[in-house]
Structures are given as C-alpha cells and as structure tokens.
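The data block below is final36.csv; it holds CSV, C-alpha atoms.
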chain,number,residue,atom,x,y,z
A,1,LEU,CA,-35.7,-27.6,-90.1
A,2,PRO,CA,-33.6,-24.8,-88.6
A,3,SER,CA,-31.0,-23.4,-91.0
A,4,LYS,CA,-27.4,-22.5,-90.1
A,5,GLU,CA,-28.5,-18.9,-89.7
A,6,ASP,CA,-31.1,-20.1,-87.2
A,7,ALA,CA,-28.5,-21.8,-85.1
A,8,CYS,CA,-26.3,-18.8,-84.4
A,9,SER,CA,-25.4,-17.9,-80.8
A,10,HIS,CA,-28.1,-17.3,-78.2
A,11,THR,CA,-28.6,-13.9,-76.6
A,12,PRO,CA,-30.4,-13.0,-73.4
A,13,ILE,CA,-33.7,-11.2,-74.2
A,14,LYS,CA,-36.9,-10.2,-72.5
A,15,VAL,CA,-39.9,-11.7,-74.1
A,16,ARG,CA,-42.9,-9.9,-72.6
A,17,GLY,CA,-45.8,-12.1,-71.6
A,18,ILE,CA,-44.0,-15.4,-72.4
A,19,HIS,CA,-40.7,-15.5,-70.4
A,20,THR,CA,-38.2,-13.1,-68.7
A,21,TYR,CA,-34.6,-12.9,-69.7
A,22,MET,CA,-33.8,-16.4,-70.9
A,23,CYS,CA,-30.7,-17.7,-72.7
A,24,VAL,CA,-31.7,-20.3,-75.2
A,25,PRO,CA,-29.1,-22.9,-76.3
A,26,GLU,CA,-29.0,-23.8,-80.0
A,27,GLU,CA,-30.3,-27.4,-79.3
A,28,ALA,CA,-33.4,-26.0,-77.5
A,29,TYR,CA,-34.3,-23.8,-80.5
A,30,ALA,CA,-33.7,-26.6,-82.9
A,31,ALA,CA,-35.9,-29.0,-80.9
A,32,ALA,CA,-38.7,-26.4,-80.8
A,33,VAL,CA,-38.7,-26.0,-84.6
A,34,ARG,CA,-38.6,-29.8,-85.0
A,35,SER,CA,-41.6,-30.2,-82.8
A,36,ILE,CA,-43.6,-27.9,-85.1
A,37,PHE,CA,-43.0,-30.2,-88.1
A,38,SER,CA,-42.9,-33.5,-86.2
A,39,ASN,CA,-46.2,-34.7,-87.7
A,40,ALA,CA,-45.8,-33.1,-91.1
A,41,ASP,CA,-46.8,-35.2,-94.1
A,42,TYR,CA,-44.2,-34.9,-96.9
A,43,SER,CA,-45.6,-37.6,-99.1
A,44,GLY,CA,-47.7,-35.3,-101.2
A,45,ALA,CA,-50.6,-37.7,-100.7
A,46,ALA,CA,-52.9,-35.3,-98.9
A,47,THR,CA,-56.5,-35.4,-100.1
A,48,ARG,CA,-59.5,-33.1,-100.1
A,49,TYR,CA,-60.4,-31.9,-96.6
A,50,LYS,CA,-61.5,-34.7,-94.3
A,51,ASN,CA,-63.6,-33.6,-91.3
A,52,PRO,CA,-62.7,-29.9,-91.7
A,53,GLN,CA,-65.3,-28.9,-89.0
A,54,GLU,CA,-63.5,-31.3,-86.6
A,55,CYS,CA,-60.2,-29.6,-87.3
A,56,TRP,CA,-61.8,-26.2,-87.0
A,57,THR,CA,-63.3,-27.0,-83.6
A,58,ARG,CA,-60.0,-28.5,-82.4
A,59,PHE,CA,-58.1,-25.4,-83.3
A,60,GLU,CA,-60.7,-23.3,-81.5
A,61,ALA,CA,-60.1,-25.5,-78.4
A,62,LEU,CA,-56.3,-24.9,-78.9
A,63,LEU,CA,-56.8,-21.1,-78.9
A,64,ASP,CA,-59.0,-21.4,-75.8
A,65,ARG,CA,-56.4,-23.4,-74.1
A,66,LEU,CA,-53.8,-20.7,-74.9
A,67,GLY,CA,-56.0,-17.9,-73.7
A,68,ARG,CA,-57.2,-16.7,-77.1
A,69,PRO,CA,-53.9,-15.2,-78.4
A,70,GLY,CA,-54.4,-12.5,-81.0
A,71,ALA,CA,-58.0,-11.7,-79.9
A,72,ALA,CA,-57.1,-8.0,-79.5
A,73,LEU,CA,-55.2,-7.7,-82.8
A,74,HIS,CA,-56.3,-5.6,-85.8
A,75,VAL,CA,-55.9,-8.2,-88.6
A,76,VAL,CA,-55.2,-7.8,-92.3
A,77,HIS,CA,-56.0,-11.1,-94.0
A,78,ILE,CA,-54.7,-12.2,-97.4
A,79,ALA,CA,-55.5,-15.3,-99.4
A,80,GLY,CA,-54.8,-16.3,-103.0
A,81,THR,CA,-52.6,-18.6,-105.1
A,82,ASN,CA,-49.8,-16.3,-106.2
A,83,GLY,CA,-48.6,-13.1,-104.7
A,84,LYS,CA,-49.7,-13.5,-101.1
A,85,GLY,CA,-46.2,-13.1,-99.7
A,86,THR,CA,-45.5,-9.9,-101.7
A,87,THR,CA,-48.9,-8.4,-100.8
A,88,SER,CA,-48.5,-9.3,-97.1
A,89,ALA,CA,-44.9,-7.9,-97.0
A,90,LEU,CA,-46.1,-4.6,-98.6
A,91,CYS,CA,-49.1,-4.3,-96.3
A,92,GLU,CA,-46.9,-4.9,-93.2
A,93,ALA,CA,-44.3,-2.2,-94.4
A,94,MET,CA,-47.1,0.3,-95.1
A,95,LEU,CA,-48.6,-0.2,-91.7
A,96,ARG,CA,-45.2,0.1,-90.0
A,97,GLU,CA,-44.4,3.3,-92.0
A,98,SER,CA,-47.8,4.7,-90.9
A,99,GLY,CA,-46.7,4.5,-87.3
A,100,VAL,CA,-48.2,1.4,-85.8
A,101,ARG,CA,-46.6,-1.7,-84.4
A,102,VAL,CA,-47.2,-4.8,-86.6
A,103,GLY,CA,-46.6,-8.5,-86.8
A,104,LEU,CA,-46.3,-10.5,-90.0
A,105,PHE,CA,-47.0,-14.2,-90.5
A,106,THR,CA,-46.1,-15.7,-93.9
A,107,SER,CA,-45.0,-19.1,-95.3
A,108,PRO,CA,-42.9,-20.8,-96.3
A,109,HIS,CA,-39.6,-19.4,-95.3
A,110,LEU,CA,-36.6,-18.9,-97.7
A,111,HIS,CA,-33.5,-18.7,-95.7
A,112,CYS,CA,-34.4,-19.4,-92.1
A,113,PHE,CA,-37.5,-20.5,-90.2
A,114,ARG,CA,-37.9,-17.3,-88.3
A,115,GLU,CA,-38.8,-15.4,-91.5
A,116,ARG,CA,-42.3,-16.8,-91.0
A,117,ILE,CA,-42.9,-14.6,-88.0
A,118,ARG,CA,-41.7,-11.0,-87.9
A,119,ILE,CA,-42.2,-8.3,-85.3
A,120,ASP,CA,-42.0,-4.7,-86.5
A,121,GLY,CA,-40.0,-5.9,-89.5
A,122,ALA,CA,-37.5,-8.0,-87.5
A,123,LEU,CA,-37.3,-11.8,-87.4
A,124,VAL,CA,-38.9,-13.3,-84.3
A,125,SER,CA,-36.3,-14.2,-81.7
A,126,ARG,CA,-35.2,-17.8,-81.0
A,127,GLU,CA,-36.1,-17.2,-77.4
A,128,ALA,CA,-39.7,-16.4,-78.3
A,129,VAL,CA,-39.9,-19.5,-80.5
A,130,VAL,CA,-38.7,-21.8,-77.7
A,131,ALA,CA,-41.0,-20.2,-75.1
A,132,GLY,CA,-44.0,-20.1,-77.4
A,133,MET,CA,-43.6,-23.6,-78.6
A,134,ALA,CA,-43.5,-24.9,-75.0
A,135,ARG,CA,-47.0,-23.5,-74.5
A,136,VAL,CA,-48.2,-24.6,-77.9
A,137,SER,CA,-47.0,-28.2,-77.5
A,138,ALA,CA,-48.6,-28.6,-74.1
A,139,ALA,CA,-51.9,-27.1,-75.4
A,140,ALA,CA,-51.9,-29.2,-78.5
A,141,GLU,CA,-51.4,-32.4,-76.5
A,142,ALA,CA,-54.3,-31.4,-74.2
A,143,VAL,CA,-56.7,-30.9,-77.2
A,144,GLY,CA,-55.7,-34.0,-79.1
A,145,GLY,CA,-53.1,-32.7,-81.4
A,146,ALA,CA,-52.5,-30.0,-84.0
A,147,SER,CA,-51.2,-29.8,-87.6
A,148,PRO,CA,-47.9,-28.1,-88.3
A,149,PHE,CA,-49.6,-25.1,-89.7
A,150,GLU,CA,-52.0,-24.9,-86.7
A,151,LYS,CA,-49.0,-24.9,-84.4
A,152,LEU,CA,-47.3,-22.3,-86.5
A,153,THR,CA,-50.3,-20.0,-86.4
A,154,ALA,CA,-50.7,-20.4,-82.7
A,155,LEU,CA,-47.0,-19.7,-82.2
A,156,ALA,CA,-47.2,-16.5,-84.3
A,157,LEU,CA,-50.2,-15.2,-82.3
A,158,LEU,CA,-48.4,-15.9,-79.0
A,159,CYS,CA,-45.4,-14.0,-80.3
A,160,PHE,CA,-47.4,-11.1,-81.5
A,161,ASP,CA,-49.2,-10.8,-78.1
A,162,ALA,CA,-45.9,-11.1,-76.3
A,163,ALA,CA,-44.3,-8.4,-78.4
A,164,GLY,CA,-47.3,-6.0,-77.8
A,165,VAL,CA,-48.0,-5.3,-81.5
A,166,SER,CA,-51.5,-3.9,-82.3
A,167,TRP,CA,-51.7,-5.1,-85.9
A,168,ALA,CA,-51.0,-8.4,-87.6
A,169,VAL,CA,-50.9,-9.3,-91.3
A,170,LEU,CA,-51.9,-12.9,-91.7
A,171,GLU,CA,-51.2,-14.9,-94.9
A,172,THR,CA,-53.4,-18.0,-95.3
A,173,GLY,CA,-51.6,-21.3,-95.4
A,174,LEU,CA,-53.9,-23.2,-97.7
A,175,GLY,CA,-57.2,-22.2,-99.1
A,176,GLY,CA,-59.0,-19.8,-96.7
A,177,ARG,CA,-62.3,-21.2,-95.6
A,178,TRP,CA,-60.9,-23.7,-93.1
A,179,ASP,CA,-57.5,-22.1,-92.7
A,180,ALA,CA,-56.1,-21.6,-89.2
A,181,THR,CA,-55.7,-17.9,-89.9
A,182,ASN,CA,-59.5,-17.6,-90.5
A,183,HIS,CA,-60.5,-17.7,-86.9
A,184,PHE,CA,-60.6,-13.9,-86.6
A,185,SER,CA,-62.7,-11.0,-87.8
A,186,PRO,CA,-60.2,-8.9,-89.8
A,187,ARG,CA,-60.2,-5.2,-90.6
A,188,VAL,CA,-59.7,-5.8,-94.3
A,189,CYS,CA,-59.3,-8.8,-96.7
A,190,GLY,CA,-57.4,-9.2,-99.9
A,191,VAL,CA,-57.3,-11.9,-102.5
A,192,THR,CA,-54.3,-12.2,-104.8
A,193,ARG,CA,-54.4,-14.1,-108.2
A,194,VAL,CA,-56.2,-17.4,-107.9
A,195,GLY,CA,-55.1,-20.4,-109.9
A,196,LEU,CA,-54.6,-24.1,-109.6
A,197,ASP,CA,-52.9,-24.9,-106.4
A,198,HIS,CA,-53.2,-27.8,-103.9
A,199,VAL,CA,-55.7,-29.3,-106.2
A,200,ASN,CA,-55.7,-32.6,-104.3
A,201,VAL,CA,-57.1,-30.7,-101.3
A,202,LEU,CA,-58.8,-27.5,-102.6
A,203,GLY,CA,-60.4,-28.9,-105.7
A,204,SER,CA,-59.5,-29.5,-109.3
A,205,THR,CA,-60.9,-26.3,-110.9
A,206,VAL,CA,-60.2,-22.6,-110.5
A,207,ARG,CA,-63.8,-22.2,-109.6
A,208,GLU,CA,-63.6,-24.7,-106.7
A,209,ILE,CA,-60.3,-23.2,-105.5
A,210,ALA,CA,-61.7,-19.7,-105.6
A,211,GLY,CA,-64.6,-20.8,-103.5
A,212,GLU,CA,-62.1,-21.9,-100.8
A,213,LYS,CA,-60.1,-18.7,-101.0
A,214,ALA,CA,-63.3,-16.6,-100.8
A,215,GLY,CA,-64.0,-18.2,-97.4
A,216,ILE,CA,-62.0,-15.4,-95.8
A,217,LEU,CA,-64.6,-12.8,-96.8
A,218,LYS,CA,-66.7,-11.6,-93.9
A,219,ARG,CA,-69.8,-9.4,-93.4
A,220,GLY,CA,-68.9,-5.7,-93.2
A,221,VAL,CA,-65.2,-6.3,-93.8
A,222,PRO,CA,-64.1,-4.5,-97.1
A,223,ALA,CA,-62.5,-7.0,-99.5
A,224,PHE,CA,-60.1,-6.3,-102.4
A,225,SER,CA,-59.0,-8.4,-105.3
A,226,VAL,CA,-56.5,-8.3,-108.2
A,227,ALA,CA,-57.8,-9.1,-111.7
A,228,GLN,CA,-58.9,-12.7,-111.8
A,229,ALA,CA,-59.8,-15.3,-114.4
A,230,ALA,CA,-63.5,-15.2,-115.2
A,231,ASP,CA,-64.5,-18.2,-113.1
A,232,ALA,CA,-62.6,-16.9,-110.0
A,233,ALA,CA,-64.0,-13.4,-110.5
A,234,GLU,CA,-67.5,-14.7,-110.6
A,235,VAL,CA,-67.0,-16.8,-107.4
A,236,LEU,CA,-65.5,-13.9,-105.5
A,237,ARG,CA,-68.3,-11.5,-106.5
A,238,ALA,CA,-70.9,-14.0,-105.4
A,239,ALA,CA,-69.1,-14.7,-102.1
A,240,ALA,CA,-68.9,-11.0,-101.4
A,241,ALA,CA,-72.6,-10.5,-102.0
A,242,ALA,CA,-73.4,-13.5,-99.9
A,243,ALA,CA,-71.2,-12.2,-97.1
A,244,GLY,CA,-72.7,-8.8,-97.3
A,245,THR,CA,-69.5,-6.9,-98.0
A,246,SER,CA,-68.0,-4.8,-100.7
A,247,LEU,CA,-65.5,-6.2,-103.2
A,248,THR,CA,-63.2,-3.7,-104.9
A,249,THR,CA,-61.4,-5.0,-108.0
A,250,GLU,CA,-58.1,-4.0,-109.6
A,251,GLU,CA,-59.4,-1.4,-112.0
A,252,SER,CA,-60.6,0.7,-109.1
A,253,MET,CA,-57.3,0.5,-107.2
A,254,PRO,CA,-54.6,3.2,-107.1
A,255,PRO,CA,-51.8,2.4,-109.6
A,256,LEU,CA,-48.3,1.7,-108.3
A,257,GLU,CA,-46.7,4.6,-110.1
A,258,ALA,CA,-49.1,7.2,-108.8
A,259,SER,CA,-48.2,6.3,-105.2
A,260,LEU,CA,-44.4,6.4,-105.4
A,261,PRO,CA,-42.4,9.3,-103.9
A,262,ALA,CA,-41.8,12.1,-106.4
A,263,GLY,CA,-39.1,11.1,-108.9
A,264,ALA,CA,-38.9,7.6,-107.6
A,265,ALA,CA,-39.1,4.5,-109.8
A,266,PRO,CA,-40.6,1.2,-108.6
A,267,PRO,CA,-38.0,-1.2,-107.3
A,268,ALA,CA,-37.1,-3.9,-109.9
A,269,TRP,CA,-38.9,-6.6,-108.0
A,270,LEU,CA,-42.2,-4.7,-108.3
A,271,SER,CA,-41.8,-3.9,-112.0
A,272,PRO,CA,-43.4,-6.9,-113.6
A,273,PRO,CA,-47.2,-6.4,-114.2
A,274,HIS,CA,-48.2,-9.1,-111.7
A,275,GLN,CA,-46.1,-7.5,-109.0
A,276,ALA,CA,-47.4,-4.0,-109.8
A,277,ALA,CA,-50.9,-5.5,-109.3
A,278,ASN,CA,-50.0,-6.9,-105.9
A,279,ALA,CA,-48.6,-3.5,-104.9
A,280,SER,CA,-51.8,-1.8,-106.0
A,281,LEU,CA,-53.8,-4.4,-103.9
A,282,ALA,CA,-51.7,-3.6,-100.8
A,283,LEU,CA,-52.1,0.1,-101.4
A,284,ALA,CA,-55.9,-0.2,-101.7
A,285,MET,CA,-56.2,-2.4,-98.6
A,286,VAL,CA,-54.1,-0.1,-96.3
A,287,GLY,CA,-55.6,3.0,-97.9
A,288,SER,CA,-59.0,1.6,-96.9
A,289,LEU,CA,-57.9,1.2,-93.3
A,290,ALA,CA,-56.7,4.8,-93.3
A,291,GLN,CA,-59.9,6.1,-94.9
A,292,ARG,CA,-62.0,4.4,-92.2
A,293,GLY,CA,-59.9,6.0,-89.4
A,294,LEU,CA,-58.3,2.8,-88.3
A,295,LEU,CA,-54.8,4.1,-88.7
A,296,PRO,CA,-53.1,7.5,-89.5
A,297,ASP,CA,-53.6,8.4,-93.2
A,298,LYS,CA,-50.1,8.9,-94.5
A,299,PRO,CA,-50.0,8.4,-98.3
A,300,ALA,CA,-46.3,9.5,-98.4
A,301,ALA,CA,-45.5,6.8,-95.8
A,302,ARG,CA,-47.2,4.2,-98.0
A,303,GLY,CA,-45.1,5.4,-101.0
A,304,ARG,CA,-41.9,5.1,-99.0
A,305,ALA,CA,-42.8,1.5,-98.1
A,306,LEU,CA,-43.2,0.7,-101.7
A,307,VAL,CA,-39.6,1.8,-102.4
A,308,SER,CA,-38.0,0.4,-99.3
A,309,THR,CA,-39.6,-3.0,-99.0
A,310,ARG,CA,-37.6,-6.0,-100.1
A,311,TRP,CA,-39.0,-9.5,-100.5
A,312,PRO,CA,-36.3,-12.0,-101.7
A,313,ALA,CA,-36.6,-14.4,-104.6
A,314,ARG,CA,-39.1,-12.2,-106.5
A,315,TYR,CA,-37.8,-11.1,-109.8
A,316,GLU,CA,-34.2,-10.9,-108.5
A,317,SER,CA,-31.1,-10.9,-110.7
How would this structure read if it were set down as structure tokens?
Amino acid sequence: LPSKEDACSHTPIKVRGIHTYMCVPEEAYAAAVRSIFSNADYSGAATRYKNPQECWTRFEALLDRLGRPGAALHVVHIAGTNGKGTTSALCEAMLRESGVRVGLFTSPHLHCFRERIRIDGALVSREAVVAGMARVSAAAEAVGGASPFEKLTALALLCFDAAGVSWAVLETGLGGRWDATNHFSPRVCGVTRVGLDHVNVLGSTVREIAGEKAGILKRGVPAFSVAQAADAAEVLRAAAAAAGTSLTTEESMPPLEASLPAGAAPPAWLSPPHQAANASLALAMVGSLAQRGLLPDKPAARGRALVSTRWPARYES
C-alpha cells in the first residue's frame, strides 16, 4: 500500500508517451497502487508453478496489448536468492555514471512503493504510476487478468519507455525461468548467491531452485555468477553450456578494492564479504558491456559509482 511519503502533494509533470501535464490527486495515486495488489495472495499458501506456460502466454498477450513496452531497451538481467537488489543498484549506478540513461526495477520496496521503479536514479513520479496503471489495468482485463508482479513489470516497462531511457536493469521477482522479467533478450545476465527461497514454488532443494534461476541464461548473452554452493554451481555451469553461452565466476572477476578511486575505501555497506562479492559481480557485468562496445568504457566512473551508491537496510548502523 502507498506510504505516507507516497501520499505527499501532487505536482504537474509531463510524462512523455503516457500523458501530458497532469495533476494527480493523492486518492488517484493510492487507487492505482491498490489496483496492482488487488489480487495479491498474502496467505503464504502458494504452491509450485501451476500452468506456467499459460501464465507466460498471458503475459506475452499483455505486452502485445500494450504495444510491447521495453522492446527497444538494452536490458541487464539479475536473478538469485540474496544480493539481487544490491547488484541491481550498483549496475544501475555504474551505467548512469557511464553516461547512459537507465531505468531500475527492483522489489520489494522499503519506504515507499515508487522505490520499485526508478528513472535515472530518481523515484518514478506518481503521475507516471497513475497513467501507466490506467493502461495496464485495461490491458490486463482484456487478456484475462495479470498477477501483481506481472502488472508491476508492465508498469515499469511503460514508465521506462515514457521516460526515454535506453537501458534497464531488471531484477527477477521469483525464480527466473517463468518470471515476467524474462521476456527479453538481455545484454548481460548475473546470478547472485542461490539458496533456499520460495521453496513452496521453486522447489525444496538448492539444485532445483538454481535450475529456476538459471532460466534467465540465454544463447550468446554473457553470464556472471558469484561463488555458489556446489549444487548450484553445477546447475549453472550445465545451464550455461546448454544455452550456448559463457559463465564467468567470482574468482575471475575484478575485486572491489582494485576498482575504487585512488585512496577511497569501500562504503561500510559494501564491506562485508558477501556484499563485496555482489559489487564484483556488478563490476564484471558492466565491464563486459563496455568491453563489447555497448557503452562507454569508463572504469573511473564505475569506481565512483561504488563509492556513491547507497542501498538502504544493508549493513547499516
């Protein structure tokens, strides 16, 4: 539900491609957010995927109905159990520091709903949420419905297109193989630490869960992974081989300390070993994009992003 921060006063704004100069009352914004979660299941009784192909096809129909938002985006795709938010935030900051415009889609939010969708580092506007959800709700009704996360993903893509960004960092919601964020061919994929999560849906073992996360790997799209438990590492290696792509693991990635500006120390929230690994993952992923000529190669900019990025509730005092 919208937080108090979300409900602050409305401001006229131009949202390119969605609407022109609209002033959104607080109740309209609150209603838009409620509509996203109107069919959410909070019982915790969700079970292993039922008819995943049917849901996949339905979301494809939703995207078609909306005009295939996000089709022109250069996508950075990240899956895993722990560390997806950190890695996504760092990738987004490095891309932005490299001089490109970028959208960021993560979940859940901490303080306010709009944290889930960011444009060039700023929270998406309330106006964009209201205008986008008007389109998403109509399209969802036309195709027979959509899950809360499917609606969120579609909304994010509409907002990214409306803002005119060229890059998007997409964090998976649950798993990877059947995730709503997996309907694109990304420029690079990353897998953070895989453990036991959503076992009632993804499977009861790390091996099964890793198989779902590995579903984001695509032919010819370089993939990167932090150090994994033996079962997860084996699954990821096999998935990369089957997909016909490379898999670079943590021992071959640039260390955090070597990428910092001269004389700079890593921020406290990146100092624990698991966070340093996530930072190395982000560095390797964005570095790969630069090496392939997909964005300006600016190592110093990536180092600045490491120092300046903040991602709340991670090793904070």
Could you tell me, as a ChimeraX atom specification, which residues have any atom at most 12 Å from (-63.4, -24.7, -105.6), counting all atoms listed in the file? /A:48-49,175-177,194-215,231-232,234-236
Find the residues around region 132-143 of chain A up to 6 Å (only C-alpha atoms counted), leave out those fewer than 4 positions away in its own chain, and share them as a CSV table (one decimal) with C-alpha atoms, in the frame of the given file.
chain,number,residue,atom,x,y,z
A,65,ARG,CA,-56.4,-23.4,-74.1
A,128,ALA,CA,-39.7,-16.4,-78.3
A,155,LEU,CA,-47.0,-19.7,-82.2
Report as a Markdown table the residues of region 93-183 of chain A within 7 Å of region 301-317 of chain A, each with its shortest atom pair and distance in Å (one decimal), using all atoms listed in the file, ordered by chain and increasing residue number.
| residue | atom | partner | partner_atom | distance |
| --- | --- | --- | --- | --- |
| A:Ala93 | CA | A:Ala305 | CA | 5.4 |
| A:Met94 | CA | A:Arg302 | CA | 4.9 |
| A:Glu97 | CA | A:Ala301 | CA | 5.3 |
| A:Ser98 | CA | A:Ala301 | CA | 5.8 |
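Pairwise distance (CA of Thr172 (chain A), CA of Thr249 (chain A)) equals 19.9 Å.
Rounded to one decimal, CA of His77 (chain A) and CA of Phe160 (chain A) lie 15.2 Å from each other.
Counting from CA of Val76 (chain A), the distance to CA of Leu270 (chain A) is 20.8 Å.
Shortest atom-to-atom contact with Glu171 (chain A) among A:Arg237, A:Glu250, A:Gly85, A:Arg114: A:Gly85, counting only C-alpha atoms.
Checking A:Ala300, A:Val102, A:Ala131, A:Leu63 one by one against Ala32 (chain A), counting only C-alpha atoms, you find the shortest gap at A:Ala131.
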Residue contacts of Leu281 (chain A) (10 Å, all atoms listed in the file) excluding same-chain residues fewer than 4 positions away, as a CSV table (one decimal) with C-alpha atoms, in the coordinates of the input:
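Done, and the output landed in result35.csv:
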chain,number,residue,atom,x,y,z
A,87,THR,CA,-48.9,-8.4,-100.8
A,88,SER,CA,-48.5,-9.3,-97.1
A,90,LEU,CA,-46.1,-4.6,-98.6
A,91,CYS,CA,-49.1,-4.3,-96.3
A,190,GLY,CA,-57.4,-9.2,-99.9
A,191,VAL,CA,-57.3,-11.9,-102.5
A,192,THR,CA,-54.3,-12.2,-104.8
A,224,PHE,CA,-60.1,-6.3,-102.4
A,225,SER,CA,-59.0,-8.4,-105.3
A,226,VAL,CA,-56.5,-8.3,-108.2
A,227,ALA,CA,-57.8,-9.1,-111.7
A,248,THR,CA,-63.2,-3.7,-104.9
A,249,THR,CA,-61.4,-5.0,-108.0
A,250,GLU,CA,-58.1,-4.0,-109.6
A,252,SER,CA,-60.6,0.7,-109.1
A,253,MET,CA,-57.3,0.5,-107.2
A,254,PRO,CA,-54.6,3.2,-107.1
A,255,PRO,CA,-51.8,2.4,-109.6
A,256,LEU,CA,-48.3,1.7,-108.3
A,275,GLN,CA,-46.1,-7.5,-109.0
A,276,ALA,CA,-47.4,-4.0,-109.8
A,277,ALA,CA,-50.9,-5.5,-109.3
A,285,MET,CA,-56.2,-2.4,-98.6
A,286,VAL,CA,-54.1,-0.1,-96.3
A,287,GLY,CA,-55.6,3.0,-97.9
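Proximity ranking of A:Leu294, A:Ala230, A:Ala238, A:Leu62 relative to Gly145 (chain A) places A:Leu62 first, based on only C-alpha atoms.
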Considering only C-alpha atoms, can you say which of A:Pro267, A:Pro186, A:Pro108, A:Gly103 comes closest to Leu157 (chain A)? A:Gly103
Restricting the calculation to all atoms listed in the file: of A:Val188, A:Ala40, A:Val75, A:Ala243, which residue gets closest to Ala168 (chain A)? A:Val75
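Proximity ranking of A:Thr245, A:Gln291, A:Ser125, A:Ser166 relative to Val24 (chain A) places A:Ser125 first, based on all atoms listed in the file.
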Write out as JSON, numbers by chain the residues lying within 7 Å of Trp178 (chain A), counting all atoms listed in the file and excluding same-chain residues fewer than 2 positions away. {"A": [52, 56, 176, 180, 182]}
